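S.K.: Got a structure for you, target.pdb, holding PDB, C-alpha atoms and all ligand atoms.
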```pdb
ATOM      1  CA  MET A   1     -21.257  17.420  57.388  1.00  0.00           C
ATOM      2  CA  ILE A   2     -24.739  17.557  58.884  1.00  0.00           C
ATOM      3  CA  ALA A   3     -27.375  19.771  57.345  1.00  0.00           C
ATOM      4  CA  MET A   4     -29.310  22.044  59.671  1.00  0.00           C
ATOM      5  CA  LYS A   5     -32.905  23.020  59.518  1.00  0.00           C
ATOM      6  CA  ARG A   6     -33.361  26.739  58.834  1.00  0.00           C
ATOM      7  CA  ASN A   7     -36.221  29.040  59.714  1.00  0.00           C
ATOM      8  CA  ILE A   8     -38.581  29.768  56.845  1.00  0.00           C
ATOM      9  CA  LEU A   9     -39.699  33.400  56.536  1.00  0.00           C
ATOM     10  CA  LEU A  10     -43.428  33.965  56.353  1.00  0.00           C
ATOM     11  CA  HIS A  11     -45.189  36.405  54.044  1.00  0.00           C
ATOM     12  CA  PRO A  12     -45.455  39.356  54.415  1.00  0.00           C
ATOM     13  CA  ASP A  13     -41.725  39.982  54.852  1.00  0.00           C
ATOM     14  CA  PRO A  14     -39.698  42.601  52.942  1.00  0.00           C
ATOM     15  CA  ARG A  15     -36.944  40.034  52.279  1.00  0.00           C
ATOM     16  CA  LEU A  16     -39.402  37.975  50.213  1.00  0.00           C
ATOM     17  CA  LYS A  17     -39.911  40.957  47.887  1.00  0.00           C
ATOM     18  CA  LYS A  18     -36.245  41.586  47.056  1.00  0.00           C
ATOM     19  CA  THR A  19     -34.284  40.542  43.986  1.00  0.00           C
ATOM     20  CA  ALA A  20     -31.584  38.017  44.887  1.00  0.00           C
ATOM     21  CA  THR A  21     -27.973  38.403  43.732  1.00  0.00           C
ATOM     22  CA  ALA A  22     -26.235  36.071  41.267  1.00  0.00           C
ATOM     23  CA  VAL A  23     -23.728  33.636  42.776  1.00  0.00           C
ATOM     24  CA  ASN A  24     -20.278  34.241  41.299  1.00  0.00           C
ATOM     25  CA  ASP A  25     -18.162  32.294  43.732  1.00  0.00           C
ATOM     26  CA  LEU A  26     -19.450  28.855  44.721  1.00  0.00           C
ATOM     27  CA  THR A  27     -18.134  28.650  48.277  1.00  0.00           C
ATOM     28  CA  ASP A  28     -18.452  25.807  50.810  1.00  0.00           C
ATOM     29  CA  ASP A  29     -20.762  28.079  52.802  1.00  0.00           C
ATOM     30  CA  LEU A  30     -23.134  28.216  49.846  1.00  0.00           C
ATOM     31  CA  ARG A  31     -22.993  24.433  49.405  1.00  0.00           C
ATOM     32  CA  LEU A  32     -23.795  24.037  53.080  1.00  0.00           C
ATOM     33  CA  LEU A  33     -26.670  26.481  52.728  1.00  0.00           C
ATOM     34  CA  ALA A  34     -28.017  24.393  49.820  1.00  0.00           C
ATOM     35  CA  ASP A  35     -27.837  21.215  51.945  1.00  0.00           C
ATOM     36  CA  ASP A  36     -29.583  23.013  54.824  1.00  0.00           C
ATOM     37  CA  MET A  37     -32.287  24.194  52.439  1.00  0.00           C
ATOM     38  CA  LEU A  38     -32.904  20.652  51.161  1.00  0.00           C
ATOM     39  CA  ARG A  39     -33.269  19.356  54.692  1.00  0.00           C
ATOM     40  CA  THR A  40     -35.560  22.281  55.579  1.00  0.00           C
ATOM     41  CA  MET A  41     -37.666  21.613  52.474  1.00  0.00           C
ATOM     42  CA  TYR A  42     -38.001  17.861  53.102  1.00  0.00           C
ATOM     43  CA  GLU A  43     -38.903  18.378  56.749  1.00  0.00           C
ATOM     44  CA  ALA A  44     -41.503  21.077  56.049  1.00  0.00           C
ATOM     45  CA  PRO A  45     -42.524  19.086  53.897  1.00  0.00           C
ATOM     46  CA  GLY A  46     -42.399  20.871  50.564  1.00  0.00           C
ATOM     47  CA  VAL A  47     -41.320  20.336  46.949  1.00  0.00           C
ATOM     48  CA  GLY A  48     -39.189  23.470  46.554  1.00  0.00           C
ATOM     49  CA  LEU A  49     -37.436  26.208  48.500  1.00  0.00           C
ATOM     50  CA  ALA A  50     -35.604  29.390  47.491  1.00  0.00           C
ATOM     51  CA  ALA A  51     -32.760  31.029  49.451  1.00  0.00           C
ATOM     52  CA  PRO A  52     -34.698  34.288  50.112  1.00  0.00           C
ATOM     53  CA  GLN A  53     -37.225  32.155  52.032  1.00  0.00           C
ATOM     54  CA  VAL A  54     -34.516  31.427  54.598  1.00  0.00           C
ATOM     55  CA  GLY A  55     -33.389  35.064  54.548  1.00  0.00           C
ATOM     56  CA  VAL A  56     -30.441  34.710  52.157  1.00  0.00           C
ATOM     57  CA  LEU A  57     -30.593  36.910  49.064  1.00  0.00           C
ATOM     58  CA  ASP A  58     -28.511  34.680  46.778  1.00  0.00           C
ATOM     59  CA  ARG A  59     -29.798  33.095  43.580  1.00  0.00           C
ATOM     60  CA  LEU A  60     -30.150  29.548  44.855  1.00  0.00           C
ATOM     61  CA  ILE A  61     -33.130  27.181  44.812  1.00  0.00           C
ATOM     62  CA  VAL A  62     -33.622  23.549  45.750  1.00  0.00           C
ATOM     63  CA  LEU A  63     -36.402  21.249  44.623  1.00  0.00           C
ATOM     64  CA  ASP A  64     -37.622  17.695  44.537  1.00  0.00           C
ATOM     65  CA  CYS A  65     -41.016  17.158  42.963  1.00  0.00           C
ATOM     66  CA  VAL A  66     -41.030  13.358  43.216  1.00  0.00           C
ATOM     67  CA  LYS A  67     -44.348  12.695  44.897  1.00  0.00           C
ATOM     68  CA  GLU A  68     -45.058   9.011  44.321  1.00  0.00           C
ATOM     69  CA  GLU A  69     -44.694   6.844  47.389  1.00  0.00           C
ATOM     70  CA  GLY A  70     -41.672   4.575  47.028  1.00  0.00           C
ATOM     71  CA  GLU A  71     -40.183   6.538  44.129  1.00  0.00           C
ATOM     72  CA  LYS A  72     -36.543   7.510  44.531  1.00  0.00           C
ATOM     73  CA  PRO A  73     -36.029  11.094  45.724  1.00  0.00           C
ATOM     74  CA  ARG A  74     -34.456  13.476  43.242  1.00  0.00           C
ATOM     75  CA  PRO A  75     -32.991  16.457  45.086  1.00  0.00           C
ATOM     76  CA  LEU A  76     -31.863  19.251  42.777  1.00  0.00           C
ATOM     77  CA  ILE A  77     -29.673  22.180  43.816  1.00  0.00           C
ATOM     78  CA  MET A  78     -29.635  25.091  41.370  1.00  0.00           C
ATOM     79  CA  PHE A  79     -27.423  28.147  41.554  1.00  0.00           C
ATOM     80  CA  ASN A  80     -28.323  31.013  39.194  1.00  0.00           C
ATOM     81  CA  PRO A  81     -31.211  29.096  37.598  1.00  0.00           C
ATOM     82  CA  ARG A  82     -32.883  30.694  34.614  1.00  0.00           C
ATOM     83  CA  VAL A  83     -35.604  29.764  32.186  1.00  0.00           C
ATOM     84  CA  ILE A  84     -34.028  29.791  28.722  1.00  0.00           C
ATOM     85  CA  ALA A  85     -37.140  28.684  26.808  1.00  0.00           C
ATOM     86  CA  ALA A  86     -40.818  28.282  27.649  1.00  0.00           C
ATOM     87  CA  SER A  87     -43.635  26.545  25.784  1.00  0.00           C
ATOM     88  CA  ASP A  88     -46.689  28.388  24.480  1.00  0.00           C
ATOM     89  CA  ASP A  89     -48.726  25.573  26.029  1.00  0.00           C
ATOM     90  CA  LEU A  90     -49.901  26.495  29.499  1.00  0.00           C
ATOM     91  CA  ASN A  91     -50.676  24.454  32.553  1.00  0.00           C
ATOM     92  CA  THR A  92     -52.692  25.315  35.644  1.00  0.00           C
ATOM     93  CA  TYR A  93     -51.739  23.903  39.022  1.00  0.00           C
ATOM     94  CA  GLU A  94     -52.990  24.619  42.497  1.00  0.00           C
ATOM     95  CA  GLU A  95     -49.897  26.168  44.064  1.00  0.00           C
ATOM     96  CA  GLY A  96     -48.860  26.686  47.630  1.00  0.00           C
ATOM     97  CA  CYS A  97     -45.731  28.056  49.266  1.00  0.00           C
ATOM     98  CA  LEU A  98     -43.850  27.279  52.479  1.00  0.00           C
ATOM     99  CA  SER A  99     -43.804  31.047  53.158  1.00  0.00           C
ATOM    100  CA  ILE A 100     -47.607  31.175  52.841  1.00  0.00           C
ATOM    101  CA  PRO A 101     -48.709  28.062  54.762  1.00  0.00           C
ATOM    102  CA  ASP A 102     -52.160  26.528  54.193  1.00  0.00           C
ATOM    103  CA  GLN A 103     -53.072  28.893  51.359  1.00  0.00           C
ATOM    104  CA  TYR A 104     -53.528  27.481  47.863  1.00  0.00           C
ATOM    105  CA  ALA A 105     -54.641  28.913  44.534  1.00  0.00           C
ATOM    106  CA  ASP A 106     -54.607  28.047  40.842  1.00  0.00           C
ATOM    107  CA  VAL A 107     -51.737  29.598  38.884  1.00  0.00           C
ATOM    108  CA  THR A 108     -51.254  29.285  35.120  1.00  0.00           C
ATOM    109  CA  ARG A 109     -47.707  29.053  33.757  1.00  0.00           C
ATOM    110  CA  PRO A 110     -45.900  27.660  30.696  1.00  0.00           C
ATOM    111  CA  LYS A 111     -46.301  23.878  30.670  1.00  0.00           C
ATOM    112  CA  ILE A 112     -42.726  23.078  29.596  1.00  0.00           C
ATOM    113  CA  VAL A 113     -39.569  25.055  30.345  1.00  0.00           C
ATOM    114  CA  ASP A 114     -35.887  24.648  29.582  1.00  0.00           C
ATOM    115  CA  VAL A 115     -33.834  25.684  32.586  1.00  0.00           C
ATOM    116  CA  GLU A 116     -30.096  26.280  32.845  1.00  0.00           C
ATOM    117  CA  TRP A 117     -28.284  26.377  36.177  1.00  0.00           C
ATOM    118  CA  ILE A 118     -25.012  25.733  37.980  1.00  0.00           C
ATOM    119  CA  ASP A 119     -25.017  22.581  40.084  1.00  0.00           C
ATOM    120  CA  ARG A 120     -23.424  21.870  43.473  1.00  0.00           C
ATOM    121  CA  ASP A 121     -20.115  21.006  41.774  1.00  0.00           C
ATOM    122  CA  GLY A 122     -20.045  24.239  39.785  1.00  0.00           C
ATOM    123  CA  LYS A 123     -20.996  22.582  36.486  1.00  0.00           C
ATOM    124  CA  THR A 124     -23.441  24.263  34.124  1.00  0.00           C
ATOM    125  CA  ARG A 125     -26.428  22.033  33.485  1.00  0.00           C
ATOM    126  CA  SER A 126     -29.681  22.313  31.612  1.00  0.00           C
ATOM    127  CA  GLU A 127     -32.824  20.265  31.478  1.00  0.00           C
ATOM    128  CA  THR A 128     -36.363  20.332  30.139  1.00  0.00           C
ATOM    129  CA  PHE A 129     -39.039  20.239  32.815  1.00  0.00           C
ATOM    130  CA  ASP A 130     -42.710  19.373  32.362  1.00  0.00           C
ATOM    131  CA  GLY A 131     -45.764  19.120  34.586  1.00  0.00           C
ATOM    132  CA  LEU A 132     -45.318  19.675  38.320  1.00  0.00           C
ATOM    133  CA  TRP A 133     -41.535  20.035  37.896  1.00  0.00           C
ATOM    134  CA  ALA A 134     -42.020  22.900  35.422  1.00  0.00           C
ATOM    135  CA  THR A 135     -44.446  24.685  37.731  1.00  0.00           C
ATOM    136  CA  CYS A 136     -42.212  24.158  40.741  1.00  0.00           C
ATOM    137  CA  VAL A 137     -39.001  25.398  39.109  1.00  0.00           C
ATOM    138  CA  GLN A 138     -40.779  28.525  37.790  1.00  0.00           C
ATOM    139  CA  HIS A 139     -42.323  29.179  41.224  1.00  0.00           C
ATOM    140  CA  GLU A 140     -38.888  28.929  42.887  1.00  0.00           C
ATOM    141  CA  ILE A 141     -37.131  31.102  40.298  1.00  0.00           C
ATOM    142  CA  ASP A 142     -39.865  33.717  40.862  1.00  0.00           C
ATOM    143  CA  HIS A 143     -38.796  33.847  44.523  1.00  0.00           C
ATOM    144  CA  LEU A 144     -35.352  35.015  43.359  1.00  0.00           C
ATOM    145  CA  ASP A 145     -37.048  37.993  41.737  1.00  0.00           C
ATOM    146  CA  GLY A 146     -39.144  38.837  44.776  1.00  0.00           C
ATOM    147  CA  LYS A 147     -42.268  37.351  43.253  1.00  0.00           C
ATOM    148  CA  LEU A 148     -44.748  35.126  45.081  1.00  0.00           C
ATOM    149  CA  PHE A 149     -47.467  32.915  43.578  1.00  0.00           C
ATOM    150  CA  ILE A 150     -50.119  35.190  45.076  1.00  0.00           C
ATOM    151  CA  ASP A 151     -48.803  37.984  42.817  1.00  0.00           C
ATOM    152  CA  TYR A 152     -50.509  36.103  39.955  1.00  0.00           C
ATOM    153  CA  LEU A 153     -53.912  36.299  41.663  1.00  0.00           C
ATOM    154  CA  LYS A 154     -56.551  38.984  41.470  1.00  0.00           C
ATOM    155  CA  PRO A 155     -55.867  41.793  43.999  1.00  0.00           C
ATOM    156  CA  LEU A 156     -58.848  40.915  46.183  1.00  0.00           C
ATOM    157  CA  LYS A 157     -57.784  37.279  46.569  1.00  0.00           C
ATOM    158  CA  ARG A 158     -54.172  38.323  47.181  1.00  0.00           C
ATOM    159  CA  GLN A 159     -55.218  40.816  49.865  1.00  0.00           C
ATOM    160  CA  MET A 160     -57.411  38.199  51.533  1.00  0.00           C
ATOM    161  CA  ILE A 161     -54.493  35.762  51.773  1.00  0.00           C
ATOM    162  CA  THR A 162     -52.135  38.492  53.001  1.00  0.00           C
ATOM    163  CA  ARG A 163     -54.600  39.500  55.738  1.00  0.00           C
ATOM    164  CA  LYS A 164     -54.805  35.880  56.892  1.00  0.00           C
ATOM    165  CA  MET A 165     -51.003  35.704  56.961  1.00  0.00           C
ATOM    166  CA  VAL A 166     -50.682  38.929  58.978  1.00  0.00           C
ATOM    167  CA  LYS A 167     -53.115  37.455  61.497  1.00  0.00           C
ATOM    168  CA  LEU A 168     -51.204  34.144  61.596  1.00  0.00           C
ATOM    169  CA  LYS A 169     -47.887  35.928  62.160  1.00  0.00           C
ATOM    170  CA  ARG A 170     -49.413  37.985  64.963  1.00  0.00           C
ATOM    171  CA  GLU A 171     -50.653  34.784  66.623  1.00  0.00           C
ATOM    172  CA  LEU A 172     -47.271  33.085  66.211  1.00  0.00           C
ATOM    173  CA  ALA A 173     -45.474  36.112  67.665  1.00  0.00           C
ATOM    174  CA  ARG A 174     -47.760  36.047  70.684  1.00  0.00           C
ATOM    175  CA  GLY A 175     -46.853  32.357  71.148  1.00  0.00           C
TER     176      GLY A 175
HETATM  177 NI    NI B 201     -42.774  29.427  47.383  1.00  0.00          NI
END
```
Take the structure in the file and write it out as structure tokens.
Ligand code: NI
M.R.:
Amino acid sequence: MIAMKRNILLHPDPRLKKTATAVNDLTDDLRLLADDMLRTMYEAPGVGLAAPQVGVLDRLIVLDCVKEEGEKPRPLIMFNPRVIAASDDLNTYEEGCLSIPDQYADVTRPKIVDVEWIDRDGKTRSETFDGLWATCVQHEIDHLDGKLFIDYLKPLKRQMITRKMVKLKRELARG
């Protein structure tokens, strides 16, 4: 089985604003989609990707926040991920998004989160995430609820980024 690279939707796109549907039946098609998403994420390159970003409105995210050179990759596939507990402690990271290329902004989120999900084999798993992993998993889960990191910014900043993206998409469409 060879994973294929998928097209990543760019903001603004109505599909990025929709709420994704829970996965009830873990089919081979969905497993293949997850593998495709990992390949797409690694090639971008990025540290996380959500199914709505490739135009599929299922609750599925992939991530790998290992950044150190030479460190072993740690690809995670999460179906129906949800935050079951979040710390009061907050953390601010400069976030970006593969659907909003070259735009970055500080976003503040809970520093530590417990997340429960269904893995590629259909097993329920949970884990505590901290630091970049915590930010990344929250960012990706937001995508499943039609929420982008720019939704945390002040309206003026958000509008500025959106205008730049509209211009970029127009240029890309022109070729
Ligand atoms: Ni994103």
S.K.: On this file, the PyMOL selection byres (((chain A and resi 108) around 7) and not hetatm) gives some set of residues; write that set as number ranges by chain.
M.R.: A: 90-93, 106-107, 109
S.K.: Calculate, to one decimal in Å, the centre and edge lengths of the box along x, y and z of the file that holds all listed atoms of segment 156-159 of chain A with 8 Å of margin on each side, and present them as JSON.
M.R.:
```
{"center_x": -56.5, "center_y": 39.1, "center_z": 48.0, "size_x": 20.7, "size_y": 19.6, "size_z": 19.7}
```
S.K.: With all atoms listed in the file as the basis for distance, which of A:Asp88, A:Asp121, A:Asp35, A:Asp29 is at the shortest distance from Ile61 of chain A?
M.R.: A:Asp35
S.K.: From the set A:Lys154, A:Asp142, A:Tyr42, A:Pro101, which residue has the shortest atom-to-atom contact distance to Pro73 of chain A, counting only C-alpha atoms?
M.R.: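 Checking each of A:Lys154, A:Asp142, A:Tyr42, A:Pro101 against Pro73 of chain A, counting only C-alpha atoms, the winner is A:Tyr42.
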S.K.: Write out as an MDAnalysis selection string the residues lying within 8 Å of Val115 of chain A, counting all atoms listed in the file and excluding same-chain residues fewer than 6 positions away.
M.R.: chainID A and resid 81:85 126:129
S.K.: Which residues sit within 12 Å of ligand NI 201 (chain B), counting only C-alpha atoms and all ligand atoms, listed as a ChimeraX atom specification?
M.R.: /A:8-11,16-17,41,46-54,61-63,95-104,135-151
S.K.: Identify which of the residues A:Lys157, A:Lys111, A:Arg39, A:Arg170 lies closest to Leu76 of chain A, counting only C-alpha atoms when measuring atom-to-atom distances.
M.R.: A:Arg39
S.K.: May I ask which of the residues A:Ala173, A:Ile112, A:Val66, A:Ala105 is the closest one to Tyr152 of chain A, counting all atoms listed in the file?
M.R.: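 Closest to Tyr152 of chain A of all the choices is A:Ala105.
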S.K.: Please report the interatomic distance between atom CA of Ile2 of chain A and atom CA of Asp25 of chain A in Å with one decimal.
M.R.: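 Computing it gives 22.1 Å between the two atoms.
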S.K.: Going by the chain IDs and residue numbers used in this file, which residues fall under the PyMOL selection byres (((chain A and resi 57) around 8) and not hetatm)? Write them as a list in words.
M.R.: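 Matching residues under the PyMOL selection byres (((chain A and resi 57) around 8) and not hetatm) are Arg15, Lys18, Thr19, Ala20, Thr21, Ala51, Pro52, Gly55, Val56, Asp58, Arg59 and Leu144 of chain A.
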S.K.: Nearest to Arg6 of chain A: which of A:Gly70, A:Lys169, A:Leu153, A:Ala34 is it, counting only C-alpha atoms?
M.R.: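 With only C-alpha atoms as the atom set, the closest residue is A:Ala34.
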S.K.: What lies within 7 Å of Ala86 of chain A using only C-alpha atoms, ignoring chain neighbours under 4 positions off, as JSON, numbers by chain?
M.R.: {"A": [110, 112, 113, 114]}
S.K.: Could you save the residues just selected, with C-alpha atoms, as a PDB file, in the coordinates of the input?
M.R.:
```
ATOM      1  CA  PRO A 110     -45.900  27.660  30.696  1.00  0.00           C
ATOM      2  CA  ILE A 112     -42.726  23.078  29.596  1.00  0.00           C
ATOM      3  CA  VAL A 113     -39.569  25.055  30.345  1.00  0.00           C
ATOM      4  CA  ASP A 114     -35.887  24.648  29.582  1.00  0.00           C
TER       5      ASP A 114
END
```
S.K.: I'd like to know which of A:Cys65, A:Met160, A:Ile77, A:Met165 is closest to Pro45 of chain A, using all atoms listed in the file.
M.R.: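 Of the candidates, the smallest distance to Pro45 of chain A is held by A:Cys65.
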S.K.: By how many Å are atom CA of Asp89 of chain A and atom CA of Leu132 of chain A apart?
M.R.: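 Value for the atom CA of Asp89 of chain A-atom CA of Leu132 of chain A distance: 14.1 Å.
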